[in-house]
>>> print(open('structure.tsv').read())   # TSV, C-alpha atoms (C1' of nucleotides)
chain	number	residue	atom	x	y	z
A	199	MET	CA	0.00	0.00	0.00
A	200	ARG	CA	1.27	3.40	-0.97
A	201	ILE	CA	0.99	6.13	1.63
A	202	GLY	CA	1.30	9.55	0.19
A	203	ARG	CA	-0.56	12.58	1.30
A	204	ASP	CA	-4.18	11.95	0.51
A	205	ASN	CA	-4.42	8.51	2.04
A	206	SER	CA	-2.63	9.16	5.30
A	207	ALA	CA	-5.17	9.91	8.00
A	208	GLY	CA	-2.55	11.59	10.15
A	209	TYR	CA	-1.39	13.89	7.42
A	210	MET	CA	-4.92	14.77	6.36
A	211	ALA	CA	-5.95	15.41	9.96
A	212	ASN	CA	-3.01	17.76	10.42
A	213	TRP	CA	-3.80	19.58	7.20
A	214	THR	CA	-7.48	19.85	8.10
A	215	ALA	CA	-6.71	21.20	11.55
A	216	ARG	CA	-4.37	23.85	10.14
A	217	LEU	CA	-6.97	24.99	7.62
A	218	PHE	CA	-9.62	25.16	10.34
A	219	ALA	CA	-7.36	27.20	12.58
A	220	ARG	CA	-6.50	29.61	9.80
A	221	ALA	CA	-10.16	30.06	8.84
A	222	ILE	CA	-11.09	30.73	12.47
A	223	ASP	CA	-8.13	32.99	13.09
A	224	ARG	CA	-8.85	35.14	10.06
A	225	ARG	CA	-12.34	35.77	11.39
A	226	LEU	CA	-11.40	36.28	15.04
A	227	LYS	CA	-8.28	38.38	14.54
A	228	PRO	CA	-10.28	41.62	14.11
A	229	LEU	CA	-11.79	40.88	17.53
A	230	GLY	CA	-8.41	40.32	19.13
A	231	LEU	CA	-9.12	36.61	19.51
A	232	SER	CA	-7.80	33.39	18.06
A	233	SER	CA	-8.70	29.74	17.73
A	234	ALA	CA	-6.92	28.75	20.93
A	235	HIS	CA	-9.16	31.12	22.87
A	236	MET	CA	-12.34	29.40	21.78
A	237	PRO	CA	-12.34	26.49	24.23
A	238	VAL	CA	-11.80	28.98	27.04
A	239	MET	CA	-14.55	31.26	25.79
A	240	PHE	CA	-16.97	28.35	25.62
A	241	ALA	CA	-16.00	26.85	28.95
A	242	LEU	CA	-16.36	30.18	30.75
A	243	ARG	CA	-19.60	31.26	29.10
A	244	ASP	CA	-22.45	32.44	31.27
A	245	GLY	CA	-20.06	33.85	33.85
A	246	ALA	CA	-18.61	30.50	34.91
A	247	GLU	CA	-15.41	30.37	36.92
A	248	MET	CA	-12.93	27.56	36.40
A	249	SER	CA	-9.44	26.63	37.53
A	250	GLN	CA	-6.60	26.37	35.06
A	251	LYS	CA	-6.61	22.62	35.43
A	252	ALA	CA	-10.32	22.33	34.69
A	253	LEU	CA	-9.87	24.53	31.62
A	254	ALA	CA	-6.99	22.40	30.39
A	255	GLN	CA	-9.11	19.29	30.75
A	256	ALA	CA	-12.06	20.92	28.98
A	257	ALA	CA	-9.79	21.88	26.08
A	258	ALA	CA	-7.89	18.57	26.14
A	259	ILE	CA	-4.53	20.32	26.17
A	260	GLU	CA	-1.66	20.09	28.62
A	261	GLN	CA	-1.50	22.33	31.65
A	262	PRO	CA	1.50	24.43	30.57
A	263	THR	CA	-0.22	25.11	27.24
A	264	MET	CA	-3.32	26.35	28.98
A	265	ALA	CA	-1.21	28.42	31.35
A	266	ALA	CA	0.35	30.21	28.39
A	267	THR	CA	-2.98	30.71	26.65
A	268	LEU	CA	-4.57	32.13	29.80
A	269	SER	CA	-1.58	34.37	30.32
A	270	ARG	CA	-1.97	35.81	26.81
A	271	MET	CA	-5.73	36.17	27.26
A	272	GLU	CA	-5.16	37.96	30.55
A	273	ARG	CA	-2.67	40.27	28.89
A	274	ALA	CA	-5.29	40.99	26.21
A	275	GLY	CA	-7.87	41.76	28.87
A	276	LEU	CA	-10.06	38.77	28.02
A	277	VAL	CA	-9.88	36.84	31.29
A	278	GLN	CA	-9.29	37.68	34.92
A	279	ARG	CA	-7.99	35.45	37.67
A	280	ARG	CA	-8.58	35.42	41.40
A	281	PRO	CA	-7.29	33.07	44.08
A	282	ASP	CA	-9.55	30.12	44.82
A	283	PRO	CA	-10.80	30.78	48.37
A	284	ASP	CA	-10.99	27.04	49.00
A	285	ASP	CA	-7.56	26.05	47.65
A	286	ARG	CA	-4.59	28.33	47.97
A	287	ARG	CA	-2.78	26.50	45.15
A	288	ALA	CA	-5.49	27.23	42.61
A	289	MET	CA	-6.68	30.25	40.64
A	290	LEU	CA	-10.20	30.79	39.33
A	291	PHE	CA	-10.54	32.26	35.85
A	292	SER	CA	-13.49	34.07	34.37
A	293	LEU	CA	-14.22	36.14	31.28
A	294	THR	CA	-14.02	39.91	31.48
A	295	ARG	CA	-16.92	42.01	30.32
A	296	PRO	CA	-15.23	42.78	26.95
A	297	ALA	CA	-14.73	39.07	26.38
A	298	ARG	CA	-18.33	38.29	27.26
A	299	GLU	CA	-19.44	40.88	24.75
A	300	LYS	CA	-17.45	39.11	22.05
A	301	ALA	CA	-18.88	35.68	22.81
A	302	GLY	CA	-21.67	36.03	20.27
A	303	ALA	CA	-19.26	36.83	17.48
A	304	VAL	CA	-17.07	33.89	18.44
A	305	TRP	CA	-20.08	31.64	18.33
A	306	ALA	CA	-21.04	32.96	14.90
A	307	ALA	CA	-17.54	32.44	13.54
A	308	ALA	CA	-17.49	28.87	14.83
A	309	LEU	CA	-20.78	28.08	13.16
A	310	GLU	CA	-19.79	29.76	9.92
A	311	VAL	CA	-16.48	27.94	9.57
A	312	ASN	CA	-18.02	24.65	10.62
A	313	ASP	CA	-20.65	25.00	7.94
A	314	LEU	CA	-18.16	26.10	5.32
A	315	ALA	CA	-15.89	23.16	6.05
A	316	LEU	CA	-18.69	20.63	5.90
A	317	SER	CA	-20.46	22.09	2.89
A	318	GLY	CA	-21.38	19.42	0.41
A	319	LEU	CA	-21.81	16.83	3.14
A	320	ALA	CA	-25.31	15.66	3.98
A	321	PRO	CA	-26.38	15.84	7.64
A	322	ALA	CA	-25.93	12.10	8.01
A	323	GLU	CA	-22.42	12.38	6.56
A	324	ARG	CA	-21.58	15.17	8.96
A	325	ASP	CA	-22.69	13.04	11.86
A	326	ALA	CA	-20.67	10.12	10.56
A	327	PHE	CA	-17.62	12.36	10.12
A	328	LEU	CA	-17.82	13.63	13.69
A	329	ALA	CA	-18.38	10.11	14.97
A	330	MET	CA	-15.29	8.87	13.15
A	331	LEU	CA	-13.21	11.75	14.48
A	332	GLY	CA	-14.45	10.77	17.92
A	333	ARG	CA	-13.47	7.19	17.31
A	334	VAL	CA	-9.97	8.16	16.19
A	335	VAL	CA	-9.56	10.39	19.24
A	336	ALA	CA	-10.67	7.52	21.47
A	337	ASN	CA	-8.33	5.07	19.76
A	338	LEU	CA	-5.28	7.31	19.99
A	339	GLY	CA	-6.15	8.54	23.46
A	340	ALA	CA	-6.48	5.01	24.78
A	341	ALA	CA	-3.11	4.11	23.30
A	342	GLU	CA	-1.45	6.98	25.17
A	343	THR	CA	-2.42	5.71	28.57
A	344	ASP	CA	-0.43	2.52	28.07
X	10	MET	CA	-27.79	23.94	18.26
X	11	ARG	CA	-25.27	23.49	20.98
X	12	ILE	CA	-21.63	23.46	19.95
X	13	GLY	CA	-19.38	21.99	22.56
X	14	ARG	CA	-16.38	19.88	21.97
X	15	ASP	CA	-17.61	16.69	20.44
X	16	ASN	CA	-19.76	18.24	17.77
X	17	SER	CA	-17.39	20.89	16.50
X	18	ALA	CA	-15.52	19.59	13.48
X	19	GLY	CA	-12.77	22.16	13.92
X	20	TYR	CA	-12.17	21.27	17.52
X	21	MET	CA	-12.21	17.54	16.83
X	22	ALA	CA	-9.86	17.96	13.86
X	23	ASN	CA	-7.43	19.88	16.02
X	24	TRP	CA	-7.60	17.28	18.76
X	25	THR	CA	-7.17	14.44	16.29
X	26	ALA	CA	-4.17	16.09	14.69
X	27	ARG	CA	-2.48	16.62	18.05
X	28	LEU	CA	-3.01	13.01	19.05
X	29	PHE	CA	-1.65	11.82	15.70
X	30	ALA	CA	1.42	14.01	16.04
X	31	ARG	CA	2.09	12.81	19.57
X	32	ALA	CA	1.72	9.14	18.57
X	33	ILE	CA	4.11	9.63	15.65
X	34	ASP	CA	6.57	11.68	17.66
X	35	ARG	CA	6.77	9.12	20.43
X	36	ARG	CA	7.74	6.49	17.88
X	37	LEU	CA	10.14	8.63	15.87
X	38	LYS	CA	11.91	10.38	18.72
X	39	PRO	CA	14.30	7.45	19.33
X	40	LEU	CA	15.33	7.82	15.68
X	41	GLY	CA	15.94	11.55	16.02
X	42	LEU	CA	12.93	12.29	13.83
X	43	SER	CA	9.52	13.89	14.28
X	44	SER	CA	6.18	14.17	12.56
X	45	ALA	CA	7.13	17.33	10.68
X	46	HIS	CA	9.99	15.44	9.03
X	47	MET	CA	7.71	12.85	7.50
X	48	PRO	CA	6.51	14.80	4.46
X	49	VAL	CA	10.14	15.62	3.65
X	50	MET	CA	11.22	12.01	4.11
X	51	PHE	CA	8.48	10.83	1.79
X	52	ALA	CA	9.01	13.52	-0.83
X	53	LEU	CA	12.74	12.88	-1.00
X	54	ARG	CA	12.58	9.10	-1.00
X	55	ASP	CA	14.50	7.17	-3.62
X	56	GLY	CA	17.21	9.82	-3.73
X	57	ALA	CA	15.01	12.57	-5.15
X	58	GLU	CA	16.18	16.17	-5.04
X	59	MET	CA	13.70	18.99	-4.52
X	60	SER	CA	13.74	22.72	-3.94
X	61	GLN	CA	12.47	24.21	-0.71
X	62	LYS	CA	9.44	25.59	-2.53
X	63	ALA	CA	8.56	22.21	-4.03
X	64	LEU	CA	8.86	20.61	-0.60
X	65	ALA	CA	6.64	23.26	0.96
X	66	GLN	CA	4.00	22.60	-1.69
X	67	ALA	CA	4.26	18.84	-1.23
X	68	ALA	CA	3.74	19.26	2.51
X	69	ALA	CA	1.10	21.99	2.09
X	70	ILE	CA	2.84	24.28	4.54
X	71	GLU	CA	4.14	27.82	4.12
X	72	GLN	CA	7.65	28.47	2.88
X	73	PRO	CA	9.08	29.87	6.13
X	74	THR	CA	7.80	26.82	7.98
X	75	MET	CA	9.53	24.49	5.54
X	76	ALA	CA	12.68	26.61	5.73
X	77	ALA	CA	12.79	26.11	9.49
X	78	THR	CA	12.07	22.39	9.25
X	79	LEU	CA	14.79	21.88	6.66
X	80	SER	CA	17.19	23.91	8.74
X	81	ARG	CA	16.56	21.66	11.74
X	82	MET	CA	16.83	18.54	9.61
X	83	GLU	CA	20.09	19.79	8.18
X	84	ARG	CA	21.40	20.46	11.69
X	85	ALA	CA	20.42	16.90	12.62
X	86	GLY	CA	22.27	15.53	9.60
X	87	LEU	CA	19.12	14.32	7.86
X	88	VAL	CA	19.17	16.43	4.71
X	89	GLN	CA	21.83	18.15	2.66
X	90	ARG	CA	21.44	21.12	0.33
X	91	ARG	CA	23.29	22.17	-2.79
X	92	PRO	CA	22.78	25.16	-5.07
X	93	ASP	CA	20.48	24.52	-8.00
X	94	PRO	CA	22.77	24.72	-11.05
X	95	ASP	CA	19.90	26.06	-13.14
X	96	ASP	CA	18.63	28.73	-10.75
X	97	ARG	CA	20.96	30.62	-8.50
X	98	ARG	CA	18.07	31.58	-6.19
X	99	ALA	CA	17.20	27.98	-5.42
X	100	MET	CA	18.65	25.17	-3.34
X	101	LEU	CA	18.17	21.47	-3.98
X	102	PHE	CA	17.59	19.25	-0.93
X	103	SER	CA	18.15	15.53	-0.62
X	104	LEU	CA	18.26	12.96	2.18
X	105	THR	CA	21.59	12.00	3.68
X	106	ARG	CA	22.56	8.36	3.93
X	107	PRO	CA	21.60	8.16	7.64
X	108	ALA	CA	18.16	9.56	6.79
X	109	ARG	CA	17.70	7.10	3.94
X	110	GLU	CA	18.52	4.28	6.32
X	111	LYS	CA	15.76	5.45	8.65
X	112	ALA	CA	13.13	5.67	5.92
X	113	GLY	CA	11.89	2.14	6.51
X	114	ALA	CA	11.30	2.76	10.20
X	115	VAL	CA	9.46	5.98	9.39
X	116	TRP	CA	7.28	4.11	6.97
X	117	ALA	CA	6.54	1.46	9.58
X	118	ALA	CA	5.64	4.05	12.22
X	119	ALA	CA	3.28	5.78	9.80
X	120	LEU	CA	1.49	2.54	9.00
X	121	GLU	CA	1.33	1.51	12.65
X	122	VAL	CA	-0.18	4.78	13.86
X	123	ASN	CA	-2.53	4.96	10.92
X	124	ASP	CA	-3.83	1.50	11.69
X	125	LEU	CA	-4.07	2.18	15.40
X	126	ALA	CA	-6.03	5.37	14.82
X	127	LEU	CA	-8.46	3.75	12.42
X	128	SER	CA	-8.92	0.54	14.34
X	129	GLY	CA	-12.54	-0.40	14.64
X	130	LEU	CA	-13.37	1.20	11.30
X	131	ALA	CA	-14.19	-1.04	8.38
X	132	PRO	CA	-12.21	-0.51	5.16
X	133	ALA	CA	-15.17	1.25	3.57
X	134	GLU	CA	-15.42	3.55	6.59
X	135	ARG	CA	-11.73	4.35	6.39
X	136	ASP	CA	-12.12	5.28	2.76
X	137	ALA	CA	-15.13	7.42	3.58
X	138	PHE	CA	-13.24	9.10	6.41
X	139	LEU	CA	-10.30	9.99	4.17
X	140	ALA	CA	-12.67	11.18	1.46
X	141	MET	CA	-14.46	13.47	3.92
X	142	LEU	CA	-11.16	14.85	5.21
X	143	GLY	CA	-10.28	15.54	1.57
X	144	ARG	CA	-13.58	17.27	1.06
X	145	VAL	CA	-13.09	19.48	4.13
X	146	VAL	CA	-9.57	20.35	2.97
X	147	ALA	CA	-10.93	21.26	-0.45
X	148	ASN	CA	-13.73	23.35	1.04
X	149	LEU	CA	-11.49	25.31	3.38
X	150	GLY	CA	-8.69	25.60	0.83
X	151	ALA	CA	-11.05	27.00	-1.78
X	152	ALA	CA	-12.34	29.56	0.71
X	153	GLU	CA	-8.80	30.81	1.38
X	154	THR	CA	-8.19	31.81	-2.20
X	155	ASP	CA	-11.02	34.34	-2.06
U	59	DC	C1'	-0.12	15.39	64.14
U	60	DC	C1'	3.68	14.21	60.71
U	61	DG	C1'	5.97	12.86	56.86
U	62	DA	C1'	5.21	11.13	52.23
U	63	DT	C1'	2.54	11.64	48.33
U	64	DT	C1'	-0.48	13.98	45.35
U	65	DT	C1'	-2.12	18.03	43.22
U	66	DA	C1'	-2.24	22.94	41.10
U	67	DT	C1'	0.38	26.06	39.07
U	68	DA	C1'	4.75	28.13	37.26
U	69	DT	C1'	8.70	28.09	34.35
U	70	DA	C1'	12.25	26.74	30.89
U	71	DG	C1'	13.30	25.05	26.50
U	72	DC	C1'	12.06	23.53	22.22
U	73	DA	C1'	9.30	22.31	17.70
U	74	DT	C1'	5.92	23.55	14.45
U	75	DG	C1'	3.13	26.77	12.27
U	76	DC	C1'	1.76	31.44	10.57
U	77	DA	C1'	2.11	36.39	8.54
U	78	DA	C1'	5.00	40.04	7.11
U	79	DT	C1'	9.05	41.55	5.14
U	80	DG	C1'	13.81	41.81	2.95
U	81	DT	C1'	17.15	40.33	-0.74
U	82	DA	C1'	18.89	38.27	-4.73
U	83	DT	C1'	17.60	36.24	-9.22
U	84	DT	C1'	14.90	35.38	-12.94
U	85	DC	C1'	11.54	36.48	-16.29
U	86	DC	C1'	8.88	39.24	-19.36
U	87	DA	C1'	7.15	43.24	-21.92
U	88	DG	C1'	8.48	46.74	-24.75
E	181	DC	C1'	18.60	44.90	-23.90
E	182	DT	C1'	16.49	47.04	-19.96
E	183	DG	C1'	13.33	48.07	-16.18
E	184	DG	C1'	9.48	46.32	-13.62
E	185	DA	C1'	7.18	42.24	-12.02
E	186	DA	C1'	7.50	37.74	-10.34
E	187	DT	C1'	9.95	34.12	-7.90
E	188	DA	C1'	13.02	31.59	-4.34
E	189	DC	C1'	14.79	31.92	-0.24
E	190	DA	C1'	16.03	34.14	4.38
E	191	DT	C1'	14.68	36.40	8.53
E	192	DT	C1'	11.83	38.31	12.27
E	193	DG	C1'	8.30	37.98	15.51
E	194	DC	C1'	4.73	35.66	17.46
E	195	DA	C1'	1.17	31.90	18.84
E	196	DT	C1'	0.27	27.26	20.00
E	197	DG	C1'	1.66	22.96	21.58
E	198	DC	C1'	4.69	19.59	23.96
E	199	DT	C1'	7.97	17.56	27.73
E	200	DA	C1'	10.46	18.05	31.83
E	201	DT	C1'	10.97	20.12	36.00
E	202	DA	C1'	10.29	23.19	40.22
E	203	DT	C1'	7.43	25.01	44.00
E	204	DA	C1'	3.77	25.46	47.10
E	205	DA	C1'	-0.31	23.69	49.09
E	206	DA	C1'	-3.42	19.95	50.15
E	207	DT	C1'	-4.23	15.22	51.44
E	208	DC	C1'	-3.63	10.80	53.37
E	209	DG	C1'	-1.76	6.82	55.99
E	210	DG	C1'	-0.10	5.66	60.30
>>> encode(input="structure.tsv", output="structure tokens")
Amino acid sequence: MRIGRDNSAGYMANWTARLFARAIDRRLKPLGLSSAHMPVMFALRDGAEMSQKALAQAAAIEQPTMAATLSRMERAGLVQRRPDPDDRRAMLFSLTRPAREKAGAVWAAALEVNDLALSGLAPAERDAFLAMLGRVVANLGAAETD
Amino acid sequence: MRIGRDNSAGYMANWTARLFARAIDRRLKPLGLSSAHMPVMFALRDGAEMSQKALAQAAAIEQPTMAATLSRMERAGLVQRRPDPDDRRAMLFSLTRPAREKAGAVWAAALEVNDLALSGLAPAERDAFLAMLGRVVANLGAAETD
DNA sequence: CCGATTTATATAGCATGCAATGTATTCCAG
DNA sequence: CTGGAATACATTGCATGCTATATAAATCGG
């Protein structure tokens, strides 16, 4: 079997992810946001407060990565942190008012890019696509634990 | 419609790509290689020589990204460059002997991770999955040109 | 209650990716 | 043949992601 570009799932997944990120970033850049901010925006919607660890788990990224993202978002005035009154190791993060006001636009950009990417696929195909992505994530995630 | 994590194609694609890269990197690290080297290894197999621009196109990444990757690969003794005799602006890259000797192991790692990721999917599903990734790439790529 | 372990965050160092820009050649129209 | 446009590469600056490691606080067994 010949593995080139188009029949390597890993390569295609990488390519797809980069195109998604670029499409999102182009739309969010005017708002001072980027694709990495989206999981945080969603997790902290409706005024929720979460620790860095909880945010990292929600975004499925490593803790130092989330620390850096939160640091940049704080610098940009998008999130604020306060000490967790119940755990002096932890910090609780929440969206600032400016960030909350941008949530709608972030939502719209997510929907727009999602729809653009999946155009030409029937609803059942979209479901199947997401299910297969979920299966691949489960397969690779399970293999990491070993 | 509620967009969270599991029903956002962009988020799932990003997650999938990161898991693929980690699985590949874990296997290639003992060889002194990484996932970003794979498109170069494949493009330059069988002693082929290619310019930096041709390699960037083959890998579907931007030129500065390929420049950095080739620079690291050169530092690691994996590729060598020589001036293009027909174009004094261009350089021709090829794999070194040590890199050629690692090509088989790279191939094996790619097949292993591909199979692990797609385990549980029937051959027809795998084909459909790759076809849908191709469709998403085409959709997002076409939108970039605008 | 105490020491060992676990947990939450911080930090360093690096790879991979992008956009924007500079420089040297090449190519093409006139 | 020449000047402007296009092309190939280099460089800068930054974001996103990882691993490995350090530090402080919480937790748990005895």
>>> closest_atom_pairs(input="structure.tsv", of="chain E", to="range 84-102 of chain X", cutoff="9 Å", atoms="all atoms listed in the file", output="JSON lines")
{"residue": "E:DT187", "atom": "C1'", "partner": "X:Arg98", "partner_atom": "CA", "distance": 8.7}
{"residue": "E:DA188", "atom": "C1'", "partner": "X:Arg98", "partner_atom": "CA", "distance": 5.4}
{"residue": "E:DC189", "atom": "C1'", "partner": "X:Arg98", "partner_atom": "CA", "distance": 6.8}
>>> closest_residue(input="structure.tsv", among="A:Ala207, A:Leu242, A:Ala234, A:Ala315", to="chain E", atoms="all atoms listed in the file")
A:Ala234
>>> interface_residues(input="structure.tsv", of="chain A", to="chain E", cutoff="12 Å", atoms="only C-alpha atoms (C1' of nucleotides)", output="list in words")
Arg216, Ala219, Asp223, Leu231, Ser232, Ser233, Ala234, His235, Ala258, Ile259, Glu260, Gln261, Pro262, Thr263, Met264, Ala265, Ala266, Thr267, Leu268, Arg270, Met271, Asp284, Asp285, Arg286, Arg287 and Ala288 of chain A
>>> calpha_fit_and_write(input="structure.tsv", fixed="chain X", moving="chain A", output="CSV table (one decimal) with C-alpha atoms, in the coordinates of the input")
chain,number,residue,atom,x,y,z
A,199,MET,CA,-27.7,23.9,18.1
A,200,ARG,CA,-25.2,23.5,20.9
A,201,ILE,CA,-21.6,23.4,19.9
A,202,GLY,CA,-19.4,22.0,22.6
A,203,ARG,CA,-16.4,19.9,22.0
A,204,ASP,CA,-17.6,16.7,20.5
A,205,ASN,CA,-19.7,18.2,17.8
A,206,SER,CA,-17.4,20.9,16.5
A,207,ALA,CA,-15.5,19.6,13.5
A,208,GLY,CA,-12.8,22.2,13.9
A,209,TYR,CA,-12.1,21.3,17.5
A,210,MET,CA,-12.2,17.6,16.9
A,211,ALA,CA,-9.9,18.0,13.9
A,212,ASN,CA,-7.4,19.9,16.0
A,213,TRP,CA,-7.6,17.3,18.8
A,214,THR,CA,-7.2,14.4,16.3
A,215,ALA,CA,-4.2,16.1,14.7
A,216,ARG,CA,-2.5,16.6,18.1
A,217,LEU,CA,-3.0,13.0,19.1
A,218,PHE,CA,-1.6,11.8,15.7
A,219,ALA,CA,1.4,14.0,16.1
A,220,ARG,CA,2.1,12.8,19.6
A,221,ALA,CA,1.7,9.1,18.6
A,222,ILE,CA,4.1,9.6,15.6
A,223,ASP,CA,6.6,11.7,17.7
A,224,ARG,CA,6.8,9.1,20.4
A,225,ARG,CA,7.7,6.5,17.9
A,226,LEU,CA,10.1,8.6,15.8
A,227,LYS,CA,11.9,10.4,18.7
A,228,PRO,CA,14.3,7.5,19.3
A,229,LEU,CA,15.3,7.8,15.7
A,230,GLY,CA,15.9,11.5,16.0
A,231,LEU,CA,12.9,12.3,13.8
A,232,SER,CA,9.5,13.9,14.3
A,233,SER,CA,6.2,14.2,12.5
A,234,ALA,CA,7.1,17.3,10.7
A,235,HIS,CA,10.0,15.4,9.0
A,236,MET,CA,7.7,12.9,7.5
A,237,PRO,CA,6.5,14.8,4.5
A,238,VAL,CA,10.1,15.6,3.7
A,239,MET,CA,11.2,12.0,4.1
A,240,PHE,CA,8.5,10.8,1.8
A,241,ALA,CA,9.0,13.5,-0.8
A,242,LEU,CA,12.7,12.9,-1.0
A,243,ARG,CA,12.6,9.1,-1.0
A,244,ASP,CA,14.5,7.2,-3.6
A,245,GLY,CA,17.2,9.8,-3.7
A,246,ALA,CA,15.0,12.6,-5.1
A,247,GLU,CA,16.2,16.2,-5.0
A,248,MET,CA,13.7,19.0,-4.5
A,249,SER,CA,13.8,22.7,-3.9
A,250,GLN,CA,12.5,24.2,-0.7
A,251,LYS,CA,9.5,25.6,-2.5
A,252,ALA,CA,8.6,22.2,-4.0
A,253,LEU,CA,8.9,20.6,-0.6
A,254,ALA,CA,6.6,23.2,0.9
A,255,GLN,CA,4.0,22.6,-1.7
A,256,ALA,CA,4.3,18.8,-1.2
A,257,ALA,CA,3.7,19.2,2.5
A,258,ALA,CA,1.1,22.0,2.1
A,259,ILE,CA,2.8,24.3,4.5
A,260,GLU,CA,4.1,27.8,4.1
A,261,GLN,CA,7.6,28.5,2.8
A,262,PRO,CA,9.1,29.9,6.1
A,263,THR,CA,7.8,26.8,7.9
A,264,MET,CA,9.5,24.5,5.5
A,265,ALA,CA,12.7,26.6,5.7
A,266,ALA,CA,12.8,26.1,9.5
A,267,THR,CA,12.1,22.4,9.3
A,268,LEU,CA,14.8,21.9,6.7
A,269,SER,CA,17.2,23.9,8.7
A,270,ARG,CA,16.5,21.7,11.8
A,271,MET,CA,16.8,18.5,9.6
A,272,GLU,CA,20.1,19.8,8.2
A,273,ARG,CA,21.4,20.5,11.7
A,274,ALA,CA,20.4,16.9,12.6
A,275,GLY,CA,22.3,15.6,9.6
A,276,LEU,CA,19.1,14.3,7.9
A,277,VAL,CA,19.2,16.5,4.7
A,278,GLN,CA,21.8,18.2,2.7
A,279,ARG,CA,21.4,21.1,0.4
A,280,ARG,CA,23.3,22.2,-2.7
A,281,PRO,CA,22.8,25.2,-5.0
A,282,ASP,CA,20.5,24.5,-8.0
A,283,PRO,CA,22.8,24.7,-11.0
A,284,ASP,CA,20.0,26.0,-13.1
A,285,ASP,CA,18.7,28.7,-10.8
A,286,ARG,CA,21.0,30.6,-8.5
A,287,ARG,CA,18.1,31.6,-6.2
A,288,ALA,CA,17.2,28.0,-5.4
A,289,MET,CA,18.7,25.2,-3.3
A,290,LEU,CA,18.2,21.5,-4.0
A,291,PHE,CA,17.6,19.3,-0.9
A,292,SER,CA,18.2,15.6,-0.6
A,293,LEU,CA,18.3,13.0,2.2
A,294,THR,CA,21.6,12.0,3.7
A,295,ARG,CA,22.6,8.4,3.9
A,296,PRO,CA,21.6,8.2,7.6
A,297,ALA,CA,18.2,9.6,6.8
A,298,ARG,CA,17.7,7.1,3.9
A,299,GLU,CA,18.5,4.3,6.3
A,300,LYS,CA,15.7,5.5,8.6
A,301,ALA,CA,13.1,5.7,5.9
A,302,GLY,CA,11.9,2.1,6.5
A,303,ALA,CA,11.3,2.8,10.2
A,304,VAL,CA,9.5,6.0,9.4
A,305,TRP,CA,7.3,4.1,7.0
A,306,ALA,CA,6.5,1.5,9.6
A,307,ALA,CA,5.6,4.0,12.2
A,308,ALA,CA,3.3,5.8,9.8
A,309,LEU,CA,1.5,2.5,9.0
A,310,GLU,CA,1.3,1.5,12.6
A,311,VAL,CA,-0.2,4.8,13.9
A,312,ASN,CA,-2.5,5.0,10.9
A,313,ASP,CA,-3.8,1.5,11.7
A,314,LEU,CA,-4.1,2.2,15.4
A,315,ALA,CA,-6.0,5.4,14.8
A,316,LEU,CA,-8.5,3.7,12.4
A,317,SER,CA,-8.9,0.5,14.4
A,318,GLY,CA,-12.5,-0.4,14.6
A,319,LEU,CA,-13.4,1.2,11.3
A,320,ALA,CA,-14.2,-1.1,8.4
A,321,PRO,CA,-12.2,-0.5,5.2
A,322,ALA,CA,-15.2,1.2,3.6
A,323,GLU,CA,-15.4,3.5,6.6
A,324,ARG,CA,-11.7,4.3,6.4
A,325,ASP,CA,-12.1,5.3,2.8
A,326,ALA,CA,-15.1,7.4,3.6
A,327,PHE,CA,-13.2,9.1,6.4
A,328,LEU,CA,-10.3,10.0,4.2
A,329,ALA,CA,-12.7,11.2,1.5
A,330,MET,CA,-14.5,13.5,3.9
A,331,LEU,CA,-11.2,14.8,5.2
A,332,GLY,CA,-10.3,15.5,1.6
A,333,ARG,CA,-13.6,17.3,1.1
A,334,VAL,CA,-13.1,19.5,4.2
A,335,VAL,CA,-9.6,20.4,3.0
A,336,ALA,CA,-10.9,21.3,-0.4
A,337,ASN,CA,-13.7,23.4,1.1
A,338,LEU,CA,-11.5,25.3,3.4
A,339,GLY,CA,-8.7,25.6,0.9
A,340,ALA,CA,-11.1,27.0,-1.8
A,341,ALA,CA,-12.3,29.6,0.7
A,342,GLU,CA,-8.8,30.8,1.4
A,343,THR,CA,-8.2,31.8,-2.2
A,344,ASP,CA,-11.0,34.3,-2.1
>>> residues_near_point(input="structure.tsv", point="(-17.1, 21.0, 14.6)", cutoff="12 Å", atoms="all atoms listed in the file", output="PyMOL selection string")
(chain A and resi 214-215+218-219+222+305+307-316+324-325+327-329+331-332) or (chain X and resi 10-24+145)
>>> interface_residues(input="structure.tsv", of="chain U", to="chain A", cutoff="12 Å", atoms="only C-alpha atoms (C1' of nucleotides)", output="list in words")
DT65, DA66, DT67, DA68, DT69, DA70, DT74, DG75, DC76 and DA77 of chain U
>>> atom_distance(input="structure.tsv", atom1="CA of Arg54 in chain X", atom2="CA of Ala108 in chain X")
9.6 Å
>>> closest_residue(input="structure.tsv", among="X:Ala32, X:Met50, X:Val115, X:Met59", to="chain A", atoms="all atoms listed in the file")
X:Ala32
>>> closest_residue(input="structure.tsv", among="X:Leu104, X:Val49, X:Leu28, X:Ala57", to="chain A", atoms="only C-alpha atoms")
X:Leu28
>>> atom_distance(input="structure.tsv", atom1="C1' of DC85 in chain U", atom2="CA of Ala63 in chain X")
19.0 Å
>>> axis_aligned_box(input="structure.tsv", around="range 71-87 of chain U", padding_each_side="8 Å", output="lines of an AutoDock Vina configuration file")
center_x = 10.3
center_y = 32.8
center_z = 2.3
size_x = 33.1
size_y = 36.9
size_z = 64.4
>>> closest_residue(input="structure.tsv", among="A:Ala254, A:Ser292, A:Ala241, A:Leu229", to="chain X", atoms="all atoms listed in the file")
A:Ala241
>>> atom_distance(input="structure.tsv", atom1="CA of Arg106 in chain X", atom2="CA of Leu64 in chain X")
18.9 Å
>>> closest_residue(input="structure.tsv", among="X:Ala137, X:Val146, X:Gly56, X:Gly113", to="chain A", atoms="only C-alpha atoms")
X:Val146
